[in-house]
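Engineer: I have a structure I would like to understand better, so I am pasting it below and will then ask my questions one at a time.
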Amino acid sequence: MERTIYREIKVTPQVIQIAVLLGAFILAAAVAVLYIEAHGHIVTGMTNQIVWGLPHVFAVFLIVAASGALNVASIASVFGKTPYKPLSRLSGLLAMSLLAGGLAVLVLDLGRPDRLIVQMTHYNFSSIFTWNILLYSGFFAVVSAYLFVQMARGISARTVKVVGFAAFVWRLALTTGTGSIFGWIMARAAYESAIMAPLFIVMSFSFGLAFFILVLTLSCRLTGRVLGVKLLNRLGRLLGIFAALVLYFTAVQHLTSHYWARDGGIEQFLLFDGGIYTQLFWIGQVLIGGIIPMALVFHPTGGIKPASSIVASVLVILGGFAQVYVIIIGGQAFPLDIFPGYTVSSSFFDGQINTYTPSLPELALGLGGVALAVALTGFGMKILRILPTNLSDVNVGQS
Amino acid sequence: MKLPAVKFDERPAEMHRRDFMKAGAALATVTLAPGVTLMAFGGDASAEASASKRWGLLVDVNKCAKDCDACVTACSKENGWRLPENPETDAQWIRKVNLTDKDTGREASLPVMCQHCEEPPCVDVCPTGASFKRVDGIVLVDKHICIGCRYCMMACPYKARSFVHEDLTDQKPWAPRGKGTVESCTMCVHRVDAGQKPACVEACAATGNGAIIFGDLRDPESEISKALANYPSTALRADMGLNPGVRYQNL
């Protein structure tokens, strides 16, 4: 077992091709933002019924995945698992990049993105949004410090552990804040629940690790660096456990709501009658994002193939996206129950299931956020010593 | 083009007299277009918001005619929002909702607008403090610091708020609006501060229905307080404990 050596990635024609592709997506997002800014949100699919749309699905997905991407580093320095240690730097870099991508989407979808400075000078501390701004900013600071102590010479392991622990606690607080954006909304039956915070935390474990596995695999392939099969299997099995946790928390969420007569309507809608939302829930989240990835990574023989972990990661991301879509869009599609016990109608769609068709500019903005996150990760790997030269099983150990 | 000399952290309703004088002096220079000036809610009388008052509305559902939308039309005209042409995206500060009791089949019709809660969720969730409640209970949006995040729309249990999805024309100087910001019923704060009743209340009275009473909930001698004291009334989603300033009778 040799000493782990970290090296910047080299710019190869393949890397340039990917950079150009990512740049195209980011450019498309920029054009979409200017287009929405000029015409107003009338050119999006969002309405006064579905007030948060596809950009918010992308933004929440990326922000949730960001904190989860840090898990690999936490497992290494907080929980002392040596095989994960060489992956810690990438874990921290990816976490910050995903958060930057998600926040970019969120901010650029504002009705007045030009007033970001107003947000930076006016804080209402009774708003969980305000707390999240502090949690997101702090996350960059804490994870930057974490990366620094990992990369600087002469820093003791104990210091790394202390900073790593701080980052771990911070990421839990951050995702609690993100989940509470929804959990604290009393007005909507689909949201008001304390389980949203822990549900978002397990979602972050799962989505973040899936992203990490894909970025790690792609980076090693592009740069010709060895990635041990056993290490990949190990990450894949962990992903399977996280996917199971997401299913468990989702089950508790829906069983509780289903038990309350008050929430019978929203549950019937999401789980049985909701059309696209019901399909996304059962086929997207449960089957594609939960059961199939678990079957792939836990299969006695198939599970040890490298492809299993990679395919499972892709499926977890697709299923996770479906889950966030159902939470955000599906939760708004169901009408507010202002008059319990009455059937209602109005010119403002009271009592009606709201429809939503995402527009191209929204999709472009969301994909641009993903591209930005990946591009920032790649750029970080290019200028910093993030990726180890050798991640073979012999080298990273199996303790 | 300069904004009036109202500091961001000052609510017009809480301005001191001297601040108001400064703002008034600045107004002459901030004319945006003929007849349109950038002035926050209320104008001169906004300095008169009093914590000893709590403005409220009482809607008698039995008097509200199903086919009448005089309150909606009056609000639209008074505040310069167009009656819905594109109902999915156009703002609706007030709307008529028709109800049918699922068990008994009893029908009712009533207006729904911002309920001007004592504990407004929109104010709690607003990250910049653009959503705010005046000391007299009127809930407003400060269009100068609304960033258009729409969290207030997610949090409002009454679907009272609208987002401005496109460019606006024909704005009223006393009811400034802005593309990319959120808005809702202001209880016609500019009229209330001038000692008048909200447009919807006057329009309803003019039809002869007289279904909406406006007044000070803290004044036991006001018409609204007497009506509330003598007849049962309810708040929408009373279970949420928001204590709205808008109440309904015979619902």
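Naming works like this for the structure tokens: A, B, ... for the chains as they're shown, residue 1 at the start of each chain, ligands 1 onward in shown order.
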Residues of chain B near chain A: apply a cut-off of 6 Å, count only C-alpha atoms, and supply the list as a PyMOL selection string.
Structural biologist: chain B and resi 88-89+97-102+124-129+147-149+155+157+162+165-166+180-181
Engineer: If you run DSSP on this backbone, which residues of segment 49-160 of chain B come out as strand (DSSP E), and could you give them as a CSV table (one decimal) with N, CA and C atoms, in the first residue's frame?
Structural biologist:
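Result file is part.csv:
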chain,number,residue,atom,x,y,z
B,55,TRP,N,-58.2,47.2,11.8
B,55,TRP,CA,-59.2,47.2,10.8
B,55,TRP,C,-59.7,45.8,10.4
B,56,GLY,N,-60.9,45.7,10.2
B,56,GLY,CA,-61.4,44.3,9.8
B,56,GLY,C,-62.6,44.4,8.9
B,57,LEU,N,-63.0,43.3,8.3
B,57,LEU,CA,-64.2,43.2,7.5
B,57,LEU,C,-65.1,42.1,8.0
B,58,LEU,N,-66.4,42.2,7.8
B,58,LEU,CA,-67.3,41.2,8.2
B,58,LEU,C,-68.2,40.9,7.0
B,59,VAL,N,-68.2,39.7,6.5
B,59,VAL,CA,-69.0,39.4,5.3
B,59,VAL,C,-70.2,38.5,5.8
B,60,ASP,N,-71.4,39.0,5.5
B,60,ASP,CA,-72.6,38.3,5.7
B,60,ASP,C,-72.9,37.4,4.5
B,94,ILE,N,-59.1,39.8,-5.1
B,94,ILE,CA,-60.3,39.3,-4.4
B,94,ILE,C,-61.1,38.5,-5.5
B,95,ARG,N,-61.7,37.4,-5.0
B,95,ARG,CA,-62.5,36.5,-5.9
B,95,ARG,C,-63.7,36.1,-5.2
B,96,LYS,N,-64.7,35.7,-6.0
B,96,LYS,CA,-65.9,35.2,-5.5
B,96,LYS,C,-65.8,33.6,-5.5
B,97,VAL,N,-66.1,33.0,-4.4
B,97,VAL,CA,-66.0,31.6,-4.3
B,97,VAL,C,-67.5,31.0,-4.0
B,98,ASN,N,-67.9,30.1,-4.9
B,98,ASN,CA,-69.2,29.4,-4.7
B,98,ASN,C,-69.0,28.1,-3.9
B,99,LEU,N,-69.9,27.9,-2.9
B,99,LEU,CA,-69.7,26.7,-2.1
B,99,LEU,C,-71.0,25.9,-2.1
B,100,THR,N,-70.8,24.6,-2.1
B,100,THR,CA,-72.0,23.7,-1.9
B,100,THR,C,-71.6,22.7,-0.8
B,101,ASP,N,-72.4,22.7,0.2
B,101,ASP,CA,-72.2,21.7,1.4
B,101,ASP,C,-72.3,20.3,0.8
B,107,GLU,N,-76.1,25.9,-0.6
B,107,GLU,CA,-75.2,26.7,-1.5
B,107,GLU,C,-74.9,28.0,-0.8
B,108,ALA,N,-73.7,28.5,-1.1
B,108,ALA,CA,-73.4,29.9,-0.6
B,108,ALA,C,-72.4,30.5,-1.5
B,109,SER,N,-72.3,31.8,-1.5
B,109,SER,CA,-71.3,32.5,-2.3
B,109,SER,C,-70.7,33.6,-1.4
B,110,LEU,N,-69.4,33.7,-1.6
B,110,LEU,CA,-68.7,34.8,-0.7
B,110,LEU,C,-67.4,35.2,-1.4
B,111,PRO,N,-67.0,36.4,-1.0
B,111,PRO,CA,-65.7,36.9,-1.5
B,111,PRO,C,-64.6,36.4,-0.6
B,112,VAL,N,-63.4,36.1,-1.2
B,112,VAL,CA,-62.2,35.7,-0.5
B,112,VAL,C,-61.1,36.7,-0.9
B,113,MET,N,-60.5,37.2,0.0
B,113,MET,CA,-59.3,38.1,-0.2
B,113,MET,C,-58.3,37.9,0.9
B,131,SER,N,-43.1,41.3,3.2
B,131,SER,CA,-44.4,41.1,3.7
B,131,SER,C,-44.5,41.6,5.1
B,132,PHE,N,-45.4,42.5,5.4
B,132,PHE,CA,-45.4,43.1,6.8
B,132,PHE,C,-46.8,43.4,7.2
B,133,LYS,N,-47.0,43.6,8.5
B,133,LYS,CA,-48.3,43.9,9.0
B,133,LYS,C,-48.2,45.3,9.7
B,139,VAL,N,-52.2,43.8,6.4
B,139,VAL,CA,-51.1,43.1,5.9
B,139,VAL,C,-50.8,43.6,4.5
B,140,LEU,N,-49.5,44.0,4.2
B,140,LEU,CA,-49.1,44.5,2.9
B,140,LEU,C,-47.8,43.9,2.4
B,141,VAL,N,-47.5,44.2,1.2
B,141,VAL,CA,-46.2,43.8,0.6
B,141,VAL,C,-45.5,45.1,0.3
Engineer: What does the distance between atom CA of Ile138 of chain B and atom CA of Met187 of chain B come to in Å, to one decimal place?
Structural biologist: 6.9 Å
Engineer: Quick one: distance from atom CA of Ile213 of chain A to atom CA of Ser313 of chain A in Å, one decimal?
Structural biologist: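 Going from atom CA of Ile213 of chain A over to atom CA of Ser313 of chain A covers 6.8 Å.
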Engineer: As a list in words, please: every residue in segment 199-251 of chain B that a backbone DSSP assignment puts in alpha helix (DSSP H).
Structural biologist: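 Alpha helix (DSSP H) members of segment 199-251 of chain B, listed: Ala199, Cys200, Val201, Glu202, Ala203, Cys204, Ala205, Ala206, Glu223, Ile224, Ser225, Lys226, Ala227, Leu228, Ala229 and Asn230 of chain B.
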Engineer: Counting only C-alpha atoms, figure out which residue out of B:Ser184, B:Asn62, B:Asn79, B:Thr207 gets nearest to Ala91 of chain B.
Structural biologist: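 The answer is B:Ser184, which sits nearest to Ala91 of chain B.
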Engineer: Report as a list in words all protein, DNA and RNA residues lying within 9 Å of Lys197 of chain B, evaluated on only C-alpha atoms, omitting residues in the same chain fewer than 5 positions from it.
Structural biologist: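 The contact residues come out as Met187, Cys188, Arg191, Val192, Glu202, Phe214 and Gly215 of chain B.
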Engineer: Please identify all polymer residues within 8 Å of segment 294-311 of chain A, counting only C-alpha atoms, omitting same-chain residues fewer than 6 positions from it, and present them as a CSV table (one decimal) with C-alpha atoms, in the first residue's frame.
Structural biologist:
chain,number,residue,atom,x,y,z
A,213,ILE,CA,-20.3,7.8,-7.3
A,214,LEU,CA,-21.0,9.0,-10.8
A,217,THR,CA,-16.3,7.0,-11.7
A,229,VAL,CA,-14.0,-2.5,-7.7
A,230,LYS,CA,-14.4,-3.3,-4.0
A,232,LEU,CA,-17.1,1.0,-5.7
A,233,ASN,CA,-19.1,-2.0,-4.4
A,235,LEU,CA,-20.1,2.8,-2.0
A,236,GLY,CA,-22.9,1.0,-4.0
A,237,ARG,CA,-24.0,-1.0,-1.0
A,240,GLY,CA,-28.6,0.8,-1.2
A,241,ILE,CA,-29.0,1.3,2.5
A,243,ALA,CA,-32.2,4.2,-0.7
A,244,ALA,CA,-33.9,1.9,1.8
Engineer: Which residues are close to Ala73 of chain A, i.e. within 12 Å by only C-alpha atoms, leaving aside same-chain residues fewer than 3 positions away? Reply as a PDB file with N, CA and C atoms, in the first residue's frame.
Structural biologist:
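What landed in out_18.pdb:
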ATOM      1  N   SER A  67     -25.478  18.491   0.426  1.00  0.00           N
ATOM      2  CA  SER A  67     -25.086  18.127   1.790  1.00  0.00           C
ATOM      3  C   SER A  67     -24.785  16.639   1.872  1.00  0.00           C
ATOM      4  N   GLY A  68     -25.498  15.853   1.053  1.00  0.00           N
ATOM      5  CA  GLY A  68     -25.257  14.409   1.068  1.00  0.00           C
ATOM      6  C   GLY A  68     -23.918  14.041   0.479  1.00  0.00           C
ATOM      7  N   ALA A  69     -23.462  14.830  -0.497  1.00  0.00           N
ATOM      8  CA  ALA A  69     -22.172  14.538  -1.131  1.00  0.00           C
ATOM      9  C   ALA A  69     -21.029  14.645  -0.124  1.00  0.00           C
ATOM     10  N   LEU A  70     -21.282  15.384   0.952  1.00  0.00           N
ATOM     11  CA  LEU A  70     -20.235  15.547   1.966  1.00  0.00           C
ATOM     12  C   LEU A  70     -20.106  14.310   2.870  1.00  0.00           C
ATOM     13  N   ALA A  76     -15.211   9.264   6.581  1.00  0.00           N
ATOM     14  CA  ALA A  76     -13.769   9.089   6.748  1.00  0.00           C
ATOM     15  C   ALA A  76     -13.262   9.775   8.014  1.00  0.00           C
ATOM     16  N   SER A  77     -13.535  11.061   8.164  1.00  0.00           N
ATOM     17  CA  SER A  77     -12.866  11.763   9.261  1.00  0.00           C
ATOM     18  C   SER A  77     -13.663  11.769  10.558  1.00  0.00           C
ATOM     19  N   VAL A  78     -14.995  11.701  10.497  1.00  0.00           N
ATOM     20  CA  VAL A  78     -15.767  11.692  11.739  1.00  0.00           C
ATOM     21  C   VAL A  78     -15.928  10.274  12.255  1.00  0.00           C
ATOM     22  N   PHE A  79     -16.202   9.346  11.328  1.00  0.00           N
ATOM     23  CA  PHE A  79     -16.452   7.964  11.763  1.00  0.00           C
ATOM     24  C   PHE A  79     -15.250   7.047  11.545  1.00  0.00           C
ATOM     25  N   GLY A  80     -14.142   7.628  11.059  1.00  0.00           N
ATOM     26  CA  GLY A  80     -12.868   6.914  11.038  1.00  0.00           C
ATOM     27  C   GLY A  80     -12.759   5.737  10.100  1.00  0.00           C
ATOM     28  N   LYS A  81     -13.505   5.739   9.009  1.00  0.00           N
ATOM     29  CA  LYS A  81     -13.408   4.638   8.051  1.00  0.00           C
ATOM     30  C   LYS A  81     -12.310   4.954   7.022  1.00  0.00           C
ATOM     31  N   THR A  82     -11.183   4.299   7.149  1.00  0.00           N
ATOM     32  CA  THR A  82     -10.005   4.613   6.344  1.00  0.00           C
ATOM     33  C   THR A  82     -10.221   4.540   4.826  1.00  0.00           C
ATOM     34  N   PRO A  83     -10.934   3.527   4.305  1.00  0.00           N
ATOM     35  CA  PRO A  83     -11.038   3.433   2.837  1.00  0.00           C
ATOM     36  C   PRO A  83     -11.669   4.658   2.194  1.00  0.00           C
ATOM     37  N   TYR A  84     -12.443   5.405   2.962  1.00  0.00           N
ATOM     38  CA  TYR A  84     -13.103   6.580   2.393  1.00  0.00           C
ATOM     39  C   TYR A  84     -12.196   7.817   2.401  1.00  0.00           C
ATOM     40  N   LYS A  85     -11.098   7.689   3.140  1.00  0.00           N
ATOM     41  CA  LYS A  85     -10.265   8.870   3.355  1.00  0.00           C
ATOM     42  C   LYS A  85      -9.757   9.512   2.064  1.00  0.00           C
ATOM     43  N   PRO A  86      -9.271   8.697   1.107  1.00  0.00           N
ATOM     44  CA  PRO A  86      -8.767   9.325  -0.128  1.00  0.00           C
ATOM     45  C   PRO A  86      -9.867  10.033  -0.932  1.00  0.00           C
ATOM     46  N   LEU A  87     -11.131   9.762  -0.590  1.00  0.00           N
ATOM     47  CA  LEU A  87     -12.237  10.361  -1.343  1.00  0.00           C
ATOM     48  C   LEU A  87     -12.735  11.658  -0.710  1.00  0.00           C
ATOM     49  N   SER A  88     -12.173  11.997   0.466  1.00  0.00           N
ATOM     50  CA  SER A  88     -12.704  13.109   1.250  1.00  0.00           C
ATOM     51  C   SER A  88     -12.650  14.442   0.514  1.00  0.00           C
ATOM     52  N   ARG A  89     -11.545  14.672  -0.166  1.00  0.00           N
ATOM     53  CA  ARG A  89     -11.393  15.975  -0.830  1.00  0.00           C
ATOM     54  C   ARG A  89     -12.448  16.150  -1.916  1.00  0.00           C
ATOM     55  N   LEU A  90     -12.628  15.104  -2.727  1.00  0.00           N
ATOM     56  CA  LEU A  90     -13.632  15.178  -3.790  1.00  0.00           C
ATOM     57  C   LEU A  90     -15.017  15.369  -3.184  1.00  0.00           C
ATOM     58  N   SER A  91     -15.241  14.704  -2.060  1.00  0.00           N
ATOM     59  CA  SER A  91     -16.523  14.804  -1.377  1.00  0.00           C
ATOM     60  C   SER A  91     -16.830  16.258  -1.002  1.00  0.00           C
ATOM     61  N   GLY A  92     -15.841  16.933  -0.431  1.00  0.00           N
ATOM     62  CA  GLY A  92     -16.035  18.331  -0.029  1.00  0.00           C
ATOM     63  C   GLY A  92     -16.225  19.249  -1.230  1.00  0.00           C
ATOM     64  N   LEU A  93     -15.407  19.016  -2.262  1.00  0.00           N
ATOM     65  CA  LEU A  93     -15.505  19.856  -3.464  1.00  0.00           C
ATOM     66  C   LEU A  93     -16.861  19.680  -4.145  1.00  0.00           C
ATOM     67  N   LEU A  94     -17.302  18.431  -4.271  1.00  0.00           N
ATOM     68  CA  LEU A  94     -18.578  18.170  -4.940  1.00  0.00           C
ATOM     69  C   LEU A  94     -19.733  18.780  -4.140  1.00  0.00           C
ATOM     70  N   ALA A  95     -19.629  18.689  -2.814  1.00  0.00           N
ATOM     71  CA  ALA A  95     -20.692  19.249  -1.969  1.00  0.00           C
ATOM     72  C   ALA A  95     -20.854  20.743  -2.225  1.00  0.00           C
ATOM     73  N   VAL A 143     -17.045  24.006   4.848  1.00  0.00           N
ATOM     74  CA  VAL A 143     -16.484  22.974   3.970  1.00  0.00           C
ATOM     75  C   VAL A 143     -15.163  23.452   3.342  1.00  0.00           C
ATOM     76  N   TYR A 146     -12.702  22.795   5.876  1.00  0.00           N
ATOM     77  CA  TYR A 146     -12.511  21.343   5.937  1.00  0.00           C
ATOM     78  C   TYR A 146     -11.548  20.887   4.829  1.00  0.00           C
ATOM     79  N   LEU A 147     -11.793  21.411   3.610  1.00  0.00           N
ATOM     80  CA  LEU A 147     -10.890  21.088   2.502  1.00  0.00           C
ATOM     81  C   LEU A 147      -9.479  21.576   2.803  1.00  0.00           C
ATOM     82  N   GLN A 150      -7.601  19.461   5.228  1.00  0.00           N
ATOM     83  CA  GLN A 150      -7.237  18.181   4.621  1.00  0.00           C
ATOM     84  C   GLN A 150      -6.042  18.319   3.689  1.00  0.00           C
ATOM     85  N   VAL A 160      -8.297  17.797  11.772  1.00  0.00           N
ATOM     86  CA  VAL A 160      -9.140  17.418  10.634  1.00  0.00           C
ATOM     87  C   VAL A 160     -10.457  16.836  11.148  1.00  0.00           C
ATOM     88  N   LYS A 161     -10.344  16.033  12.192  1.00  0.00           N
ATOM     89  CA  LYS A 161     -11.542  15.392  12.728  1.00  0.00           C
ATOM     90  C   LYS A 161     -12.502  16.429  13.326  1.00  0.00           C
ATOM     91  N   VAL A 163     -12.728  19.683  12.585  1.00  0.00           N
ATOM     92  CA  VAL A 163     -13.352  20.481  11.514  1.00  0.00           C
ATOM     93  C   VAL A 163     -14.350  19.617  10.749  1.00  0.00           C
ATOM     94  N   GLY A 164     -13.986  18.353  10.541  1.00  0.00           N
ATOM     95  CA  GLY A 164     -14.890  17.433   9.852  1.00  0.00           C
ATOM     96  C   GLY A 164     -16.180  17.253  10.621  1.00  0.00           C
ATOM     97  N   PHE A 165     -16.069  17.202  11.941  1.00  0.00           N
ATOM     98  CA  PHE A 165     -17.264  17.048  12.774  1.00  0.00           C
ATOM     99  C   PHE A 165     -18.160  18.290  12.660  1.00  0.00           C
ATOM    100  N   ALA A 166     -17.502  19.458  12.657  1.00  0.00           N
ATOM    101  CA  ALA A 166     -18.261  20.711  12.507  1.00  0.00           C
ATOM    102  C   ALA A 166     -19.010  20.715  11.171  1.00  0.00           C
ATOM    103  N   ALA A 167     -18.326  20.264  10.125  1.00  0.00           N
ATOM    104  CA  ALA A 167     -18.960  20.232   8.799  1.00  0.00           C
ATOM    105  C   ALA A 167     -20.132  19.249   8.787  1.00  0.00           C
ATOM    106  N   PHE A 168     -19.955  18.140   9.500  1.00  0.00           N
ATOM    107  CA  PHE A 168     -21.006  17.116   9.556  1.00  0.00           C
ATOM    108  C   PHE A 168     -22.258  17.667  10.246  1.00  0.00           C
ATOM    109  N   ARG A 171     -23.950  20.229   8.005  1.00  0.00           N
ATOM    110  CA  ARG A 171     -24.709  19.700   6.875  1.00  0.00           C
ATOM    111  C   ARG A 171     -26.060  19.139   7.344  1.00  0.00           C
ATOM    112  N   GLY A 208     -26.918  12.506  -2.725  1.00  0.00           N
ATOM    113  CA  GLY A 208     -25.541  13.010  -2.693  1.00  0.00           C
ATOM    114  C   GLY A 208     -24.537  11.914  -3.000  1.00  0.00           C
ATOM    115  N   LEU A 209     -24.776  10.738  -2.413  1.00  0.00           N
ATOM    116  CA  LEU A 209     -23.848   9.633  -2.659  1.00  0.00           C
ATOM    117  C   LEU A 209     -23.947   9.169  -4.111  1.00  0.00           C
ATOM    118  N   PHE A 212     -22.038  11.468  -6.103  1.00  0.00           N
ATOM    119  CA  PHE A 212     -20.608  11.273  -5.823  1.00  0.00           C
ATOM    120  C   PHE A 212     -20.063  10.080  -6.601  1.00  0.00           C
TER     121      PHE A 212
END
Engineer: Which residues come within 10 Å of Gln249 of chain B, counting only C-alpha atoms, excluding same-chain residues fewer than 3 positions away, as a PyMOL selection string?
Structural biologist: chain B and resi 58-63+211-212+227-228+231-235
Engineer: Kindly save the residues from that selection, with N, CA and C atoms included, as an mmCIF file, in the first residue's frame.
Structural biologist:
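File produced: again.cif:
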data_model
loop_
_atom_site.group_PDB
_atom_site.id
_atom_site.type_symbol
_atom_site.label_atom_id
_atom_site.label_comp_id
_atom_site.auth_asym_id
_atom_site.auth_seq_id
_atom_site.Cartn_x
_atom_site.Cartn_y
_atom_site.Cartn_z
ATOM 1 N N LEU B 58 -66.377 42.238 7.841
ATOM 2 C CA LEU B 58 -67.307 41.167 8.198
ATOM 3 C C LEU B 58 -68.204 40.922 6.988
ATOM 4 N N VAL B 59 -68.172 39.700 6.485
ATOM 5 C CA VAL B 59 -68.968 39.352 5.307
ATOM 6 C C VAL B 59 -70.174 38.538 5.762
ATOM 7 N N ASP B 60 -71.355 39.031 5.456
ATOM 8 C CA ASP B 60 -72.574 38.265 5.747
ATOM 9 C C ASP B 60 -72.894 37.422 4.517
ATOM 10 N N VAL B 61 -72.632 36.136 4.625
ATOM 11 C CA VAL B 61 -72.744 35.258 3.456
ATOM 12 C C VAL B 61 -74.188 35.197 2.950
ATOM 13 N N ASN B 62 -75.164 35.307 3.858
ATOM 14 C CA ASN B 62 -76.573 35.270 3.426
ATOM 15 C C ASN B 62 -76.932 36.444 2.523
ATOM 16 N N LYS B 63 -76.232 37.561 2.701
ATOM 17 C CA LYS B 63 -76.542 38.748 1.898
ATOM 18 C C LYS B 63 -75.741 38.794 0.599
ATOM 19 N N ALA B 211 -73.428 43.356 2.022
ATOM 20 C CA ALA B 211 -72.954 42.119 2.653
ATOM 21 C C ALA B 211 -71.634 42.296 3.397
ATOM 22 N N ILE B 212 -70.925 43.399 3.154
ATOM 23 C CA ILE B 212 -69.608 43.559 3.801
ATOM 24 C C ILE B 212 -69.617 44.790 4.709
ATOM 25 N N ALA B 227 -71.904 44.052 15.355
ATOM 26 C CA ALA B 227 -72.426 42.899 14.608
ATOM 27 C C ALA B 227 -71.756 41.618 15.080
ATOM 28 N N LEU B 228 -70.441 41.686 15.300
ATOM 29 C CA LEU B 228 -69.705 40.495 15.758
ATOM 30 C C LEU B 228 -70.148 40.082 17.157
ATOM 31 N N TYR B 231 -74.020 38.487 16.697
ATOM 32 C CA TYR B 231 -74.318 37.313 15.869
ATOM 33 C C TYR B 231 -73.093 36.426 15.771
ATOM 34 N N PRO B 232 -73.315 35.108 15.613
ATOM 35 C CA PRO B 232 -72.158 34.214 15.471
ATOM 36 C C PRO B 232 -71.417 34.476 14.152
ATOM 37 N N SER B 233 -70.122 34.328 14.204
ATOM 38 C CA SER B 233 -69.318 34.512 12.991
ATOM 39 C C SER B 233 -68.171 33.515 13.026
ATOM 40 N N THR B 234 -67.501 33.400 11.928
ATOM 41 C CA THR B 234 -66.388 32.460 11.883
ATOM 42 C C THR B 234 -65.238 33.044 11.068
ATOM 43 N N ALA B 235 -64.058 32.521 11.335
ATOM 44 C CA ALA B 235 -62.884 32.852 10.523
ATOM 45 C C ALA B 235 -62.613 31.675 9.606
#
